>>> print(open('upload-v9.cif').read())   # mmCIF, C-alpha atoms and all ligand atoms
data_work
#
loop_
_atom_site.label_atom_id
_atom_site.label_comp_id
_atom_site.auth_asym_id
_atom_site.auth_seq_id
_atom_site.Cartn_x
_atom_site.Cartn_y
_atom_site.Cartn_z
CA MET J 1403 126.85 104.54 94.75
CA LYS J 1404 123.79 105.32 92.69
CA ASN J 1405 120.54 104.63 94.51
CA GLN J 1406 119.42 101.32 93.05
CA LEU J 1407 116.32 100.99 95.16
CA SER J 1408 112.85 101.00 93.68
CA ASN J 1409 110.77 104.16 93.63
CA ARG J 1410 108.34 102.20 95.75
CA ILE J 1411 110.73 101.92 98.68
CA ASN J 1412 112.36 105.28 98.10
CA ASN J 1413 108.96 106.94 98.38
CA LEU J 1414 107.98 105.01 101.49
CA PRO J 1415 108.38 106.87 104.78
CA GLU J 1416 109.81 104.93 107.70
CA SER J 1417 107.29 103.99 110.40
CA ALA J 1418 107.58 106.83 112.93
CA THR J 1419 106.44 104.64 115.81
CA LEU J 1420 108.95 101.89 115.09
CA ALA J 1421 111.72 104.40 114.32
CA MET J 1422 111.26 106.07 117.70
CA ALA J 1423 111.13 102.71 119.47
CA ALA J 1424 114.39 101.72 117.74
CA LYS J 1425 115.99 105.02 118.74
CA ALA J 1426 114.95 104.49 122.37
CA ARG J 1427 116.42 100.97 122.33
CA GLU J 1428 119.65 102.25 120.83
CA LEU J 1429 120.04 104.96 123.48
CA LYS J 1430 119.25 102.43 126.22
CA ALA J 1431 121.94 100.13 124.86
CA GLN J 1432 124.36 103.05 125.16
CA GLY J 1433 123.57 103.18 128.86
CA ILE J 1434 121.20 106.17 128.74
CA ASP J 1435 118.26 105.75 131.09
CA ILE J 1436 115.52 106.29 128.52
CA ILE J 1437 111.85 105.93 129.42
CA SER J 1438 110.13 104.85 126.24
CA LEU J 1439 106.59 106.13 125.89
CA SER J 1440 106.80 105.65 122.15
CA LEU J 1441 105.51 102.21 121.27
CA GLY J 1442 101.93 101.06 121.54
CA GLU J 1443 102.71 97.78 123.19
CA PRO J 1444 101.17 96.39 126.39
CA ASP J 1445 103.79 95.90 129.10
CA PHE J 1446 102.04 92.73 130.33
CA ASN J 1447 103.02 89.17 129.59
CA THR J 1448 100.68 87.10 127.44
CA PRO J 1449 98.20 85.45 129.85
CA ASP J 1450 99.25 81.94 130.96
CA PHE J 1451 96.15 80.21 129.60
CA ILE J 1452 97.10 81.39 126.09
CA LYS J 1453 100.75 80.46 126.49
CA GLU J 1454 99.70 76.97 127.58
CA ALA J 1455 97.60 76.54 124.43
CA ALA J 1456 100.65 77.42 122.32
CA ILE J 1457 102.87 74.97 124.22
CA GLN J 1458 100.22 72.32 123.68
CA ALA J 1459 100.21 73.11 119.95
CA ILE J 1460 103.97 72.62 119.78
CA ASN J 1461 103.65 69.30 121.58
CA ASP J 1462 100.83 68.33 119.23
CA ASN J 1463 103.25 68.87 116.35
CA TYR J 1464 101.64 71.83 114.69
CA ASN J 1465 104.73 72.29 112.57
CA SER J 1466 103.40 72.30 109.02
CA TYR J 1467 102.00 74.98 106.74
CA SER J 1468 98.49 75.99 107.61
CA PRO J 1469 95.92 76.91 104.96
CA VAL J 1470 96.90 80.34 103.60
CA ASP J 1471 93.90 82.12 105.14
CA GLY J 1472 94.15 80.26 108.45
CA PHE J 1473 92.97 76.95 109.92
CA LEU J 1474 89.22 76.48 109.54
CA ASP J 1475 88.69 76.17 113.31
CA VAL J 1476 90.65 79.39 113.89
CA LYS J 1477 88.42 81.19 111.38
CA GLU J 1478 85.38 79.70 113.13
CA ALA J 1479 86.67 81.12 116.43
CA VAL J 1480 87.05 84.51 114.72
CA CYS J 1481 83.42 84.26 113.54
CA ARG J 1482 82.25 83.48 117.09
CA LYS J 1483 84.20 86.51 118.35
CA PHE J 1484 82.66 88.81 115.73
CA LYS J 1485 79.21 87.61 116.74
CA ARG J 1486 79.81 87.84 120.50
CA ASP J 1487 81.59 91.22 120.62
CA ASN J 1488 80.30 93.06 117.57
CA GLY J 1489 77.00 91.40 116.65
CA LEU J 1490 78.46 90.69 113.20
CA ASP J 1491 77.64 87.63 111.14
CA TYR J 1492 80.64 86.43 109.19
CA LYS J 1493 81.19 83.00 107.66
CA PRO J 1494 84.68 81.43 107.72
CA SER J 1495 84.89 82.10 103.98
CA GLN J 1496 84.79 85.82 104.82
CA VAL J 1497 87.72 85.61 107.24
CA VAL J 1498 91.46 85.77 106.54
CA VAL J 1499 93.98 85.30 109.34
CA SER J 1500 97.24 87.18 108.82
CA THR J 1501 100.59 88.01 110.35
CA GLY J 1502 99.30 90.88 112.47
CA ALA J 1503 96.58 93.42 111.79
CA LYS J 1504 99.20 95.40 109.88
CA GLN J 1505 99.38 92.66 107.26
CA SER J 1506 95.60 92.45 107.22
CA ILE J 1507 95.45 96.17 106.43
CA ALA J 1508 98.18 95.95 103.80
CA ASN J 1509 96.40 93.00 102.16
CA VAL J 1510 93.17 94.96 101.88
CA ALA J 1511 94.93 98.03 100.49
CA MET J 1512 96.80 95.99 97.90
CA VAL J 1513 93.72 94.15 96.67
CA LEU J 1514 91.46 97.22 96.48
CA LEU J 1515 93.59 100.20 95.49
CA ASN J 1516 94.63 101.28 92.02
CA PRO J 1517 96.96 104.09 90.96
CA GLY J 1518 95.09 107.37 91.13
CA ASP J 1519 92.63 106.24 93.78
CA GLU J 1520 92.17 108.45 96.79
CA VAL J 1521 92.07 107.12 100.32
CA LEU J 1522 90.48 109.17 103.08
CA LEU J 1523 92.27 109.38 106.40
CA PRO J 1524 90.36 111.02 109.24
CA ALA J 1525 93.21 112.64 111.19
CA PRO J 1526 94.78 111.87 113.51
CA TYR J 1527 95.41 108.41 112.06
CA TRP J 1528 97.83 105.60 112.68
CA VAL J 1529 101.10 106.25 110.85
CA SER J 1530 101.04 103.19 108.61
CA TYR J 1531 97.67 103.90 106.96
CA ALA J 1532 99.18 106.64 104.81
CA ALA J 1533 102.32 104.66 103.97
CA ILE J 1534 100.34 101.54 103.07
CA SER J 1535 98.06 103.61 100.82
CA VAL J 1536 101.13 105.01 99.06
CA LEU J 1537 102.44 101.46 98.60
CA GLY J 1538 99.11 100.75 96.92
CA GLU J 1539 99.89 103.68 94.60
CA ALA J 1540 96.91 105.60 95.91
CA THR J 1541 96.85 109.14 97.28
CA PRO J 1542 96.13 109.62 100.98
CA ILE J 1543 93.78 112.53 101.67
CA GLU J 1544 93.65 113.78 105.24
CA ILE J 1545 90.45 114.95 106.87
CA PRO J 1546 91.74 117.18 109.64
CA SER J 1547 90.45 117.43 113.19
CA SER J 1548 91.84 118.96 116.33
CA ILE J 1549 91.64 118.68 120.07
CA ASP J 1550 88.84 121.28 119.97
CA THR J 1551 86.55 118.78 118.21
CA ASP J 1552 87.80 115.93 120.44
CA PHE J 1553 89.74 114.72 117.38
CA LYS J 1554 86.58 113.64 115.59
CA ILE J 1555 85.54 114.45 112.04
CA THR J 1556 82.04 115.55 111.10
CA PRO J 1557 79.77 114.13 108.36
CA GLU J 1558 80.10 117.49 106.55
CA GLN J 1559 83.88 117.18 106.49
CA LEU J 1560 83.59 113.63 105.20
CA GLU J 1561 81.27 114.66 102.41
CA ALA J 1562 83.52 117.57 101.43
CA ALA J 1563 86.55 115.25 101.16
CA ILE J 1564 84.86 112.77 98.81
CA THR J 1565 85.68 112.99 95.09
CA PRO J 1566 84.96 110.65 92.17
CA LYS J 1567 88.40 109.13 92.87
CA THR J 1568 87.68 108.18 96.48
CA LYS J 1569 88.02 104.42 96.86
CA MET J 1570 88.41 103.78 100.55
CA ILE J 1571 88.26 105.35 103.99
CA PHE J 1572 90.29 104.20 106.97
CA PHE J 1573 88.29 104.33 110.15
CA ASN J 1574 89.75 103.57 113.58
CA SER J 1575 87.85 103.67 116.86
CA PRO J 1576 89.09 103.55 119.60
CA ASN J 1577 91.62 105.66 117.81
CA ASN J 1578 95.38 105.43 117.75
CA PRO J 1579 96.74 108.03 118.62
CA SER J 1580 93.89 110.11 120.13
CA GLY J 1581 92.08 107.37 122.04
CA VAL J 1582 88.68 108.76 121.02
CA ILE J 1583 85.72 106.46 120.55
CA TYR J 1584 82.98 107.35 118.08
CA SER J 1585 79.47 106.73 119.39
CA GLU J 1586 76.94 104.65 117.48
CA ALA J 1587 75.11 107.86 116.52
CA GLU J 1588 78.34 109.33 115.14
CA TYR J 1589 79.00 106.16 113.13
CA ARG J 1590 75.50 106.29 111.73
CA ALA J 1591 75.84 109.95 110.76
CA LEU J 1592 79.03 109.17 108.82
CA ALA J 1593 77.39 106.12 107.25
CA LYS J 1594 74.53 108.31 106.01
CA VAL J 1595 77.04 110.23 103.92
CA LEU J 1596 78.73 107.06 102.67
CA GLU J 1597 75.36 105.61 101.65
CA LYS J 1598 75.31 108.19 98.85
CA TYR J 1599 78.64 106.93 97.50
CA PRO J 1600 78.35 103.18 96.95
CA ASN J 1601 81.83 102.83 95.45
CA ILE J 1602 83.67 103.72 98.66
CA TYR J 1603 84.97 100.91 100.89
CA ILE J 1604 85.45 101.23 104.61
CA LEU J 1605 88.40 99.71 106.39
CA SER J 1606 87.34 99.67 110.03
CA ASP J 1607 90.34 99.02 112.26
CA GLU J 1608 88.98 97.84 115.61
CA ILE J 1609 92.21 96.59 117.16
CA TYR J 1610 91.68 98.62 120.38
CA GLU J 1611 88.04 97.60 120.90
CA HIS J 1612 88.57 95.90 124.27
CA ILE J 1613 90.79 98.64 125.65
CA CYS J 1614 88.04 101.07 126.50
CA TYR J 1615 86.98 102.66 129.73
CA GLY J 1616 83.24 102.49 129.90
CA GLU J 1617 82.14 103.93 126.56
CA LYS J 1618 80.24 101.60 124.25
CA ILE J 1619 82.11 100.38 121.21
CA PHE J 1620 80.44 99.93 117.85
CA SER J 1621 81.42 98.47 114.46
CA PHE J 1622 80.95 100.01 111.02
CA ALA J 1623 79.82 96.68 109.60
CA ALA J 1624 76.99 96.56 112.15
CA ILE J 1625 75.23 99.20 110.04
CA GLU J 1626 73.27 97.17 107.51
CA SER J 1627 73.94 99.47 104.57
CA MET J 1628 77.70 99.35 105.27
CA TYR J 1629 78.14 95.59 105.80
CA ASP J 1630 78.77 94.74 102.15
CA ARG J 1631 81.54 97.27 101.78
CA THR J 1632 83.22 97.21 105.14
CA ILE J 1633 86.35 95.29 105.97
CA THR J 1634 86.56 94.80 109.72
CA VAL J 1635 90.15 94.46 110.93
CA ASN J 1636 91.16 93.18 114.32
CA GLY J 1637 93.90 91.18 115.98
CA LEU J 1638 95.26 89.82 119.24
CA ALA J 1639 98.21 92.13 119.85
CA LYS J 1640 96.72 94.82 122.03
CA ALA J 1641 93.96 93.24 124.11
CA TYR J 1642 95.78 89.96 124.77
CA ALA J 1643 99.34 91.37 125.14
CA MET J 1644 100.42 89.35 122.11
CA THR J 1645 102.18 91.92 119.93
CA GLY J 1646 105.02 89.59 119.00
CA TRP J 1647 102.76 86.65 118.18
CA ARG J 1648 101.57 88.45 115.05
CA ILE J 1649 97.93 87.48 114.65
CA GLY J 1650 95.54 89.75 112.80
CA TYR J 1651 92.37 88.98 110.91
CA ILE J 1652 89.62 90.45 108.78
CA GLY J 1653 85.93 89.89 108.33
CA ALA J 1654 85.00 91.08 104.84
CA PRO J 1655 82.83 90.50 101.80
CA GLU J 1656 83.80 87.09 100.45
CA TRP J 1657 85.32 88.44 97.21
CA ILE J 1658 87.68 90.67 99.18
CA ALA J 1659 88.64 87.84 101.55
CA LYS J 1660 89.34 85.63 98.54
CA ALA J 1661 91.60 88.27 97.00
CA CYS J 1662 93.50 88.70 100.29
CA ASN J 1663 93.94 84.95 100.46
CA LYS J 1664 95.41 84.96 96.94
CA LEU J 1665 97.79 87.82 97.75
CA GLN J 1666 98.90 86.27 101.03
CA GLY J 1667 99.53 83.00 99.20
CA GLN J 1668 102.17 84.73 97.10
CA ILE J 1669 103.79 86.66 99.91
CA THR J 1670 103.72 85.02 103.35
CA SER J 1671 101.46 81.94 103.18
CA GLY J 1672 99.45 81.13 106.31
CA THR J 1673 100.67 82.77 109.48
CA ASN J 1674 102.50 80.99 112.30
CA CYS J 1675 100.50 77.88 113.13
CA ILE J 1676 101.42 77.78 116.86
CA ALA J 1677 100.11 81.33 117.31
CA GLN J 1678 97.02 80.37 115.32
CA ARG J 1679 96.22 77.45 117.64
CA ALA J 1680 96.54 79.73 120.68
CA THR J 1681 94.21 82.19 118.97
CA ILE J 1682 91.28 79.80 119.41
CA THR J 1683 91.88 79.68 123.17
CA ALA J 1684 92.30 83.45 123.40
CA LEU J 1685 89.21 84.36 121.39
CA ASP J 1686 86.97 81.78 123.05
CA ALA J 1687 87.89 82.95 126.56
CA PRO J 1688 85.49 85.32 128.30
CA ILE J 1689 86.64 88.94 128.10
CA SER J 1690 86.72 88.97 131.91
CA LYS J 1691 89.99 87.02 131.66
CA ILE J 1692 91.82 90.01 130.19
CA GLN J 1693 89.96 92.72 132.10
CA TYR J 1694 92.79 93.11 134.65
CA MET J 1695 94.97 94.65 131.93
CA VAL J 1696 92.23 97.04 130.82
CA ASP J 1697 91.63 98.06 134.47
CA GLU J 1698 95.31 98.84 134.85
CA PHE J 1699 95.37 100.92 131.65
CA HIS J 1700 92.30 102.76 132.92
CA LYS J 1701 94.04 103.62 136.20
CA ARG J 1702 97.10 104.84 134.33
CA ARG J 1703 95.05 106.96 131.96
CA ASP J 1704 93.44 108.75 134.89
CA MET J 1705 96.76 109.19 136.63
CA MET J 1706 98.47 110.55 133.52
CA LEU J 1707 95.60 112.94 132.78
CA GLU J 1708 95.92 114.29 136.28
CA LEU J 1709 99.72 114.59 136.26
CA LEU J 1710 100.14 115.96 132.74
CA GLY J 1711 97.12 118.19 133.21
CA LYS J 1712 99.15 120.14 135.77
CA ILE J 1713 101.86 121.02 133.26
CA ASP J 1714 101.36 124.41 131.65
CA GLY J 1715 101.20 124.13 127.87
CA PHE J 1716 99.89 120.53 127.72
CA LYS J 1717 96.35 120.62 126.33
CA LEU J 1718 94.65 117.25 126.79
CA ASN J 1719 91.53 115.46 125.63
CA LYS J 1720 90.09 112.61 127.68
CA PRO J 1721 90.64 109.46 125.64
CA GLY J 1722 87.91 106.85 126.01
CA GLY J 1723 90.18 103.99 125.01
CA ALA J 1724 93.50 102.67 123.65
CA PHE J 1725 96.60 103.46 125.73
CA TYR J 1726 97.74 106.80 124.41
CA LEU J 1727 97.50 110.42 125.39
CA PHE J 1728 97.77 112.89 122.54
CA PRO J 1729 98.40 116.30 124.05
CA ASP J 1730 98.40 119.42 121.92
CA VAL J 1731 101.75 121.02 122.69
CA SER J 1732 101.52 123.92 120.25
CA ALA J 1733 101.81 126.34 123.19
CA PHE J 1734 105.54 125.57 123.16
CA PHE J 1735 106.03 126.37 119.48
CA GLY J 1736 108.14 129.44 118.78
CA ARG J 1737 109.92 129.12 122.13
CA GLU J 1738 113.49 128.25 122.98
CA ILE J 1739 113.92 125.99 126.00
CA LYS J 1740 117.37 125.08 127.30
CA GLY J 1741 118.96 125.70 123.93
CA TYR J 1742 116.32 123.72 122.01
CA LYS J 1743 114.45 125.77 119.41
CA ILE J 1744 110.89 124.44 119.33
CA GLU J 1745 109.06 125.16 116.09
CA ASN J 1746 106.90 122.04 115.83
CA SER J 1747 105.99 118.80 117.56
CA ALA J 1748 109.00 116.95 116.14
CA ASP J 1749 111.24 119.55 117.83
CA PHE J 1750 109.30 119.15 121.06
CA SER J 1751 109.62 115.39 120.92
CA LEU J 1752 113.39 115.72 120.33
CA PHE J 1753 113.62 118.15 123.23
CA LEU J 1754 111.94 115.59 125.52
CA LEU J 1755 114.33 112.92 124.28
CA GLY J 1756 117.44 115.06 124.69
CA GLU J 1757 116.58 116.89 127.89
CA ALA J 1758 114.36 114.41 129.76
CA ALA J 1759 115.36 111.08 128.18
CA ILE J 1760 111.70 110.46 127.34
CA ALA J 1761 110.80 108.90 123.99
CA THR J 1762 107.47 110.00 122.50
CA VAL J 1763 106.23 110.14 118.90
CA SER J 1764 105.62 113.51 117.28
CA GLY J 1765 102.20 114.16 115.78
CA GLU J 1766 103.33 114.97 112.21
CA SER J 1767 103.22 111.38 111.01
CA PHE J 1768 99.75 110.96 112.56
CA GLY J 1769 98.51 113.94 110.56
CA ALA J 1770 98.30 116.13 113.69
CA PRO J 1771 101.34 118.39 113.80
CA ASP J 1772 100.31 120.20 117.00
CA CYS J 1773 100.45 117.07 119.14
CA ILE J 1774 102.76 114.41 120.50
CA ARG J 1775 101.79 110.83 121.30
CA ILE J 1776 102.52 109.43 124.73
CA SER J 1777 101.95 105.72 125.26
CA TYR J 1778 101.05 104.88 128.85
CA ALA J 1779 101.48 101.14 128.32
CA THR J 1780 104.26 101.12 130.86
CA SER J 1781 104.43 100.79 134.64
CA GLU J 1782 102.98 103.39 136.98
CA ALA J 1783 106.41 104.02 138.51
CA GLN J 1784 107.94 104.69 135.09
CA LEU J 1785 105.06 106.97 134.16
CA ARG J 1786 105.42 109.01 137.36
CA GLU J 1787 109.15 109.29 136.77
CA ALA J 1788 108.52 110.34 133.15
CA VAL J 1789 106.20 113.16 134.17
CA ALA J 1790 108.65 114.34 136.83
CA ARG J 1791 111.38 114.47 134.20
CA ILE J 1792 109.17 116.39 131.77
CA GLU J 1793 108.38 118.92 134.50
CA LYS J 1794 112.05 119.29 135.31
CA ALA J 1795 113.02 119.72 131.66
CA LEU J 1796 110.43 122.47 131.26
CA SER J 1797 111.29 124.24 134.50
N1 LIG I 1801 100.59 100.03 116.51
C1 LIG I 1801 101.59 100.29 117.51
C2 LIG I 1801 101.88 101.77 117.62
O1 LIG I 1801 101.22 102.58 117.01
C3 LIG I 1801 102.81 99.45 117.26
C4 LIG I 1801 103.84 99.99 116.34
C5 LIG I 1801 103.37 100.07 114.94
O2 LIG I 1801 103.21 99.03 114.33
O3 LIG I 1801 103.15 101.19 114.49
O4 LIG I 1801 102.76 102.14 118.34
#
>>> encode(input="upload-v9.cif", output="structure tokens", more="lines below")
Ligand code: GLU
Amino acid sequence: MKNQLSNRINNLPESATLAMAAKARELKAQGIDIISLSLGEPDFNTPDFIKEAAIQAINDNYNSYSPVDGFLDVKEAVCRKFKRDNGLDYKPSQVVVSTGAKQSIANVAMVLLNPGDEVLLPAPYWVSYAAISVLGEATPIEIPSSIDTDFKITPEQLEAAITPKTKMIFFNSPNNPSGVIYSEAEYRALAKVLEKYPNIYILSDEIYEHICYGEKIFSFAAIESMYDRTITVNGLAKAYAMTGWRIGYIGAPEWIAKACNKLQGQITSGTNCIAQRATITALDAPISKIQYMVDEFHKRRDMMLELLGKIDGFKLNKPGGAFYLFPDVSAFFGREIKGYKIENSADFSLFLLGEAAIATVSGESFGAPDCIRISYATSEAQLREAVARIEKALS
């Protein structure tokens, strides 16, 4: 049958993270003992105090449509969070609550991008930034980095990538997949470049802000000259173990928030009202209530750095946050191991899946073809077993 699908969907790559997670599920269902280190999803349950707030909301009959951009008191809770954690002043009219940070990002891309616009992606970057930019008919432009620069880009690289067509830059710290955290000084150095180009917008994805191991986090919008053209994206999925609840939000200039509200009103309407009610409880709680999860991720990061660090050919950076390791595995390229020809990170990832039953995500779709992403958001026992299997497969 002739392909009847739109060019839009035909040109859209599948999400590499979700595709690998689906593959791991499928193999598990076939009885194969897969350890999935593919998906960035906390292995904790949502804390009880948040679950109780949702149950209360059901009992209070929160069963109707909410305002498209979220209940006013939810947006007020978001404003309090921005002030408390980021020192940012947003009014509720600058906030839009959405069905996950992914929708928040897609909203912003759709309301700002035009065909022909260029979008800057400091690499490595989360897989969906590029795809969402393409959906917005813009051209993603990668700014490369490598493990040798701790996966950070320099102000000179940023300046060199800017053209008259540049409309937006995606910025993500702590970073998925590298885990690196830009310091305030590094933010300010990048902002100095952007100050010269007032037509460029900054989408600052801060979804991993609480999952950090001692380094200070900072927000783009906290730089005065950037505030009016930064869209700060965040959500509950990662820090509160609420991936399936689908709550994301933005703080943005009012005209951008208004446009996102209009778009959302034609596509999804307001997000799930039970999850919204629980959002108030989650955001108003002291961060100490979720620290036990961060402490556990911290322990696992250290353990994984130690264990993987012993494997020849795995070159590692020390991530300051998020729950991923992003080893450079290019030492294996050009080799044949147990019948697997390894030319690139996709081959290496397939080798780990086939030979060790370990699901990872190859670096190509993150704009870093020398690396693979390993999520350590799984139990210590599983992680130890995973490393043992990798060692065995390589032996
Ligand atoms: N953001 C997570 C990840 O990178 C969840 C999957 C996704 O939406 O990409 O694994």
>>> closest_residue(input="upload-v9.cif", among="J:Tyr1642, J:Ile1549, J:Lys1569, J:Tyr1589", to="Cys1773 of chain J", atoms="all atoms listed in the file")
J:Ile1549
>>> atom_distance(input="upload-v9.cif", atom1="atom CA of Ala1431 of chain J", atom2="atom CA of Ala1759 of chain J")
13.2 Å
>>> residues_near_ligand(input="upload-v9.cif", ligand="ligand LIG 1801 (chain I)", cutoff="9 Å", atoms="all atoms listed in the file", output="list in words")
Ser1417, Ala1418, Thr1419, Leu1420, Ala1423, Ser1440, Leu1441, Gly1442, Glu1443, Lys1504, Trp1528, Val1529, Ser1530, Asn1578, Pro1579, Ala1639, Lys1640, Thr1645, Val1763 and Ser1777 of chain J
>>> residues_near_point(input="upload-v9.cif", point="(80.4, 79.9, 110.5)", cutoff="6 Å", atoms="only C-alpha atoms", output="list in words")
Glu1478, Lys1493 and Pro1494 of chain J
>>> write_last_selection(input="upload-v9.cif", atoms="C-alpha atoms", output="compact mmCIF listing (two decimals), in the coordinates of the input")
# COMPACT_ATOMS: atom_id res chain seq x y z
CA GLU J 1478 85.38 79.70 113.13
CA LYS J 1493 81.19 83.00 107.66
CA PRO J 1494 84.68 81.43 107.72
>>> atom_distance(input="upload-v9.cif", atom1="atom CA of Asn1663 of chain J", atom2="atom CA of Lys1483 of chain J")
20.4 Å
>>> atom_distance(input="upload-v9.cif", atom1="atom CA of Arg1737 of chain J", atom2="atom CA of Asp1714 of chain J")
13.6 Å
>>> residues_near_point(input="upload-v9.cif", point="(90.1, 114.5, 118.0)", cutoff="8 Å", atoms="only C-alpha atoms", output="short mmCIF file (atom, residue, chain, number, x, y, z; two decimals) with C-alpha atoms, in the frame of the given file")
data_model
loop_
_atom_site.label_atom_id
_atom_site.label_comp_id
_atom_site.auth_asym_id
_atom_site.auth_seq_id
_atom_site.Cartn_x
_atom_site.Cartn_y
_atom_site.Cartn_z
CA ALA J 1525 93.21 112.64 111.19
CA PRO J 1526 94.78 111.87 113.51
CA SER J 1547 90.45 117.43 113.19
CA SER J 1548 91.84 118.96 116.33
CA ILE J 1549 91.64 118.68 120.07
CA ASP J 1550 88.84 121.28 119.97
CA THR J 1551 86.55 118.78 118.21
CA ASP J 1552 87.80 115.93 120.44
CA PHE J 1553 89.74 114.72 117.38
CA LYS J 1554 86.58 113.64 115.59
CA ILE J 1555 85.54 114.45 112.04
CA SER J 1580 93.89 110.11 120.13
CA VAL J 1582 88.68 108.76 121.02
CA ASN J 1719 91.53 115.46 125.63
#
>>> axis_aligned_box(input="upload-v9.cif", around="segment 1596-1610 of chain J", padding_each_side="3 Å", output="AutoDock Vina command-line options")
--center_x 83.8 --center_y 102.4 --center_z 107.9 --size_x 22.9 --size_y 17.6 --size_z 30.9
>>> residues_around(input="upload-v9.cif", residues="Ser1585 of chain J", least_positions_apart="5", cutoff="10 Å", atoms="only C-alpha atoms", output="ChimeraX atom specification")
/J:1575,1590-1591,1617-1621
>>> build_atoms(input="upload-v9.cif", residues="segment 1457-1470 of chain J", atoms="N, CA, C and O atoms", output="PDB file, in the frame of the given file")
ATOM      1  N   ILE J1457     101.943  76.074 123.874  1.00  0.00           N
ATOM      2  CA  ILE J1457     102.870  74.970 124.220  1.00  0.00           C
ATOM      3  C   ILE J1457     102.238  73.641 123.805  1.00  0.00           C
ATOM      4  O   ILE J1457     102.886  72.767 123.229  1.00  0.00           O
ATOM      5  N   GLN J1458     100.940  73.534 124.073  1.00  0.00           N
ATOM      6  CA  GLN J1458     100.220  72.320 123.680  1.00  0.00           C
ATOM      7  C   GLN J1458     100.296  72.120 122.165  1.00  0.00           C
ATOM      8  O   GLN J1458     100.521  71.013 121.675  1.00  0.00           O
ATOM      9  N   ALA J1459     100.168  73.206 121.421  1.00  0.00           N
ATOM     10  CA  ALA J1459     100.210  73.110 119.950  1.00  0.00           C
ATOM     11  C   ALA J1459     101.578  72.639 119.472  1.00  0.00           C
ATOM     12  O   ALA J1459     101.676  71.828 118.538  1.00  0.00           O
ATOM     13  N   ILE J1460     102.618  73.097 120.144  1.00  0.00           N
ATOM     14  CA  ILE J1460     103.970  72.620 119.780  1.00  0.00           C
ATOM     15  C   ILE J1460     104.059  71.121 120.046  1.00  0.00           C
ATOM     16  O   ILE J1460     104.508  70.346 119.191  1.00  0.00           O
ATOM     17  N   ASN J1461     103.581  70.730 121.232  1.00  0.00           N
ATOM     18  CA  ASN J1461     103.650  69.300 121.580  1.00  0.00           C
ATOM     19  C   ASN J1461     102.761  68.453 120.686  1.00  0.00           C
ATOM     20  O   ASN J1461     103.020  67.278 120.485  1.00  0.00           O
ATOM     21  N   ASP J1462     101.711  69.055 120.151  1.00  0.00           N
ATOM     22  CA  ASP J1462     100.830  68.330 119.230  1.00  0.00           C
ATOM     23  C   ASP J1462     101.366  68.367 117.797  1.00  0.00           C
ATOM     24  O   ASP J1462     100.670  67.976 116.861  1.00  0.00           O
ATOM     25  N   ASN J1463     102.567  68.849 117.659  1.00  0.00           N
ATOM     26  CA  ASN J1463     103.250  68.870 116.350  1.00  0.00           C
ATOM     27  C   ASN J1463     102.556  69.714 115.290  1.00  0.00           C
ATOM     28  O   ASN J1463     102.455  69.311 114.131  1.00  0.00           O
ATOM     29  N   TYR J1464     102.131  70.876 115.691  1.00  0.00           N
ATOM     30  CA  TYR J1464     101.640  71.830 114.690  1.00  0.00           C
ATOM     31  C   TYR J1464     102.855  72.505 114.056  1.00  0.00           C
ATOM     32  O   TYR J1464     103.237  73.616 114.394  1.00  0.00           O
ATOM     33  N   ASN J1465     103.500  71.768 113.151  1.00  0.00           N
ATOM     34  CA  ASN J1465     104.730  72.290 112.570  1.00  0.00           C
ATOM     35  C   ASN J1465     104.660  72.450 111.049  1.00  0.00           C
ATOM     36  O   ASN J1465     105.653  72.766 110.409  1.00  0.00           O
ATOM     37  N   SER J1466     103.483  72.237 110.487  1.00  0.00           N
ATOM     38  CA  SER J1466     103.400  72.300 109.020  1.00  0.00           C
ATOM     39  C   SER J1466     102.719  73.593 108.583  1.00  0.00           C
ATOM     40  O   SER J1466     102.148  74.318 109.396  1.00  0.00           O
ATOM     41  N   TYR J1467     102.733  73.830 107.267  1.00  0.00           N
ATOM     42  CA  TYR J1467     102.000  74.980 106.740  1.00  0.00           C
ATOM     43  C   TYR J1467     100.527  74.874 107.115  1.00  0.00           C
ATOM     44  O   TYR J1467      99.941  73.794 107.054  1.00  0.00           O
ATOM     45  N   SER J1468      99.945  76.000 107.428  1.00  0.00           N
ATOM     46  CA  SER J1468      98.490  75.990 107.610  1.00  0.00           C
ATOM     47  C   SER J1468      97.869  76.436 106.293  1.00  0.00           C
ATOM     48  O   SER J1468      98.583  76.933 105.413  1.00  0.00           O
ATOM     49  N   PRO J1469      96.552  76.288 106.130  1.00  0.00           N
ATOM     50  CA  PRO J1469      95.920  76.910 104.960  1.00  0.00           C
ATOM     51  C   PRO J1469      96.303  78.386 104.934  1.00  0.00           C
ATOM     52  O   PRO J1469      96.485  78.999 105.991  1.00  0.00           O
ATOM     53  N   VAL J1470      96.414  78.969 103.739  1.00  0.00           N
ATOM     54  CA  VAL J1470      96.900  80.340 103.600  1.00  0.00           C
ATOM     55  C   VAL J1470      96.071  81.323 104.430  1.00  0.00           C
ATOM     56  O   VAL J1470      96.599  82.224 105.086  1.00  0.00           O
TER      57      VAL J1470
END
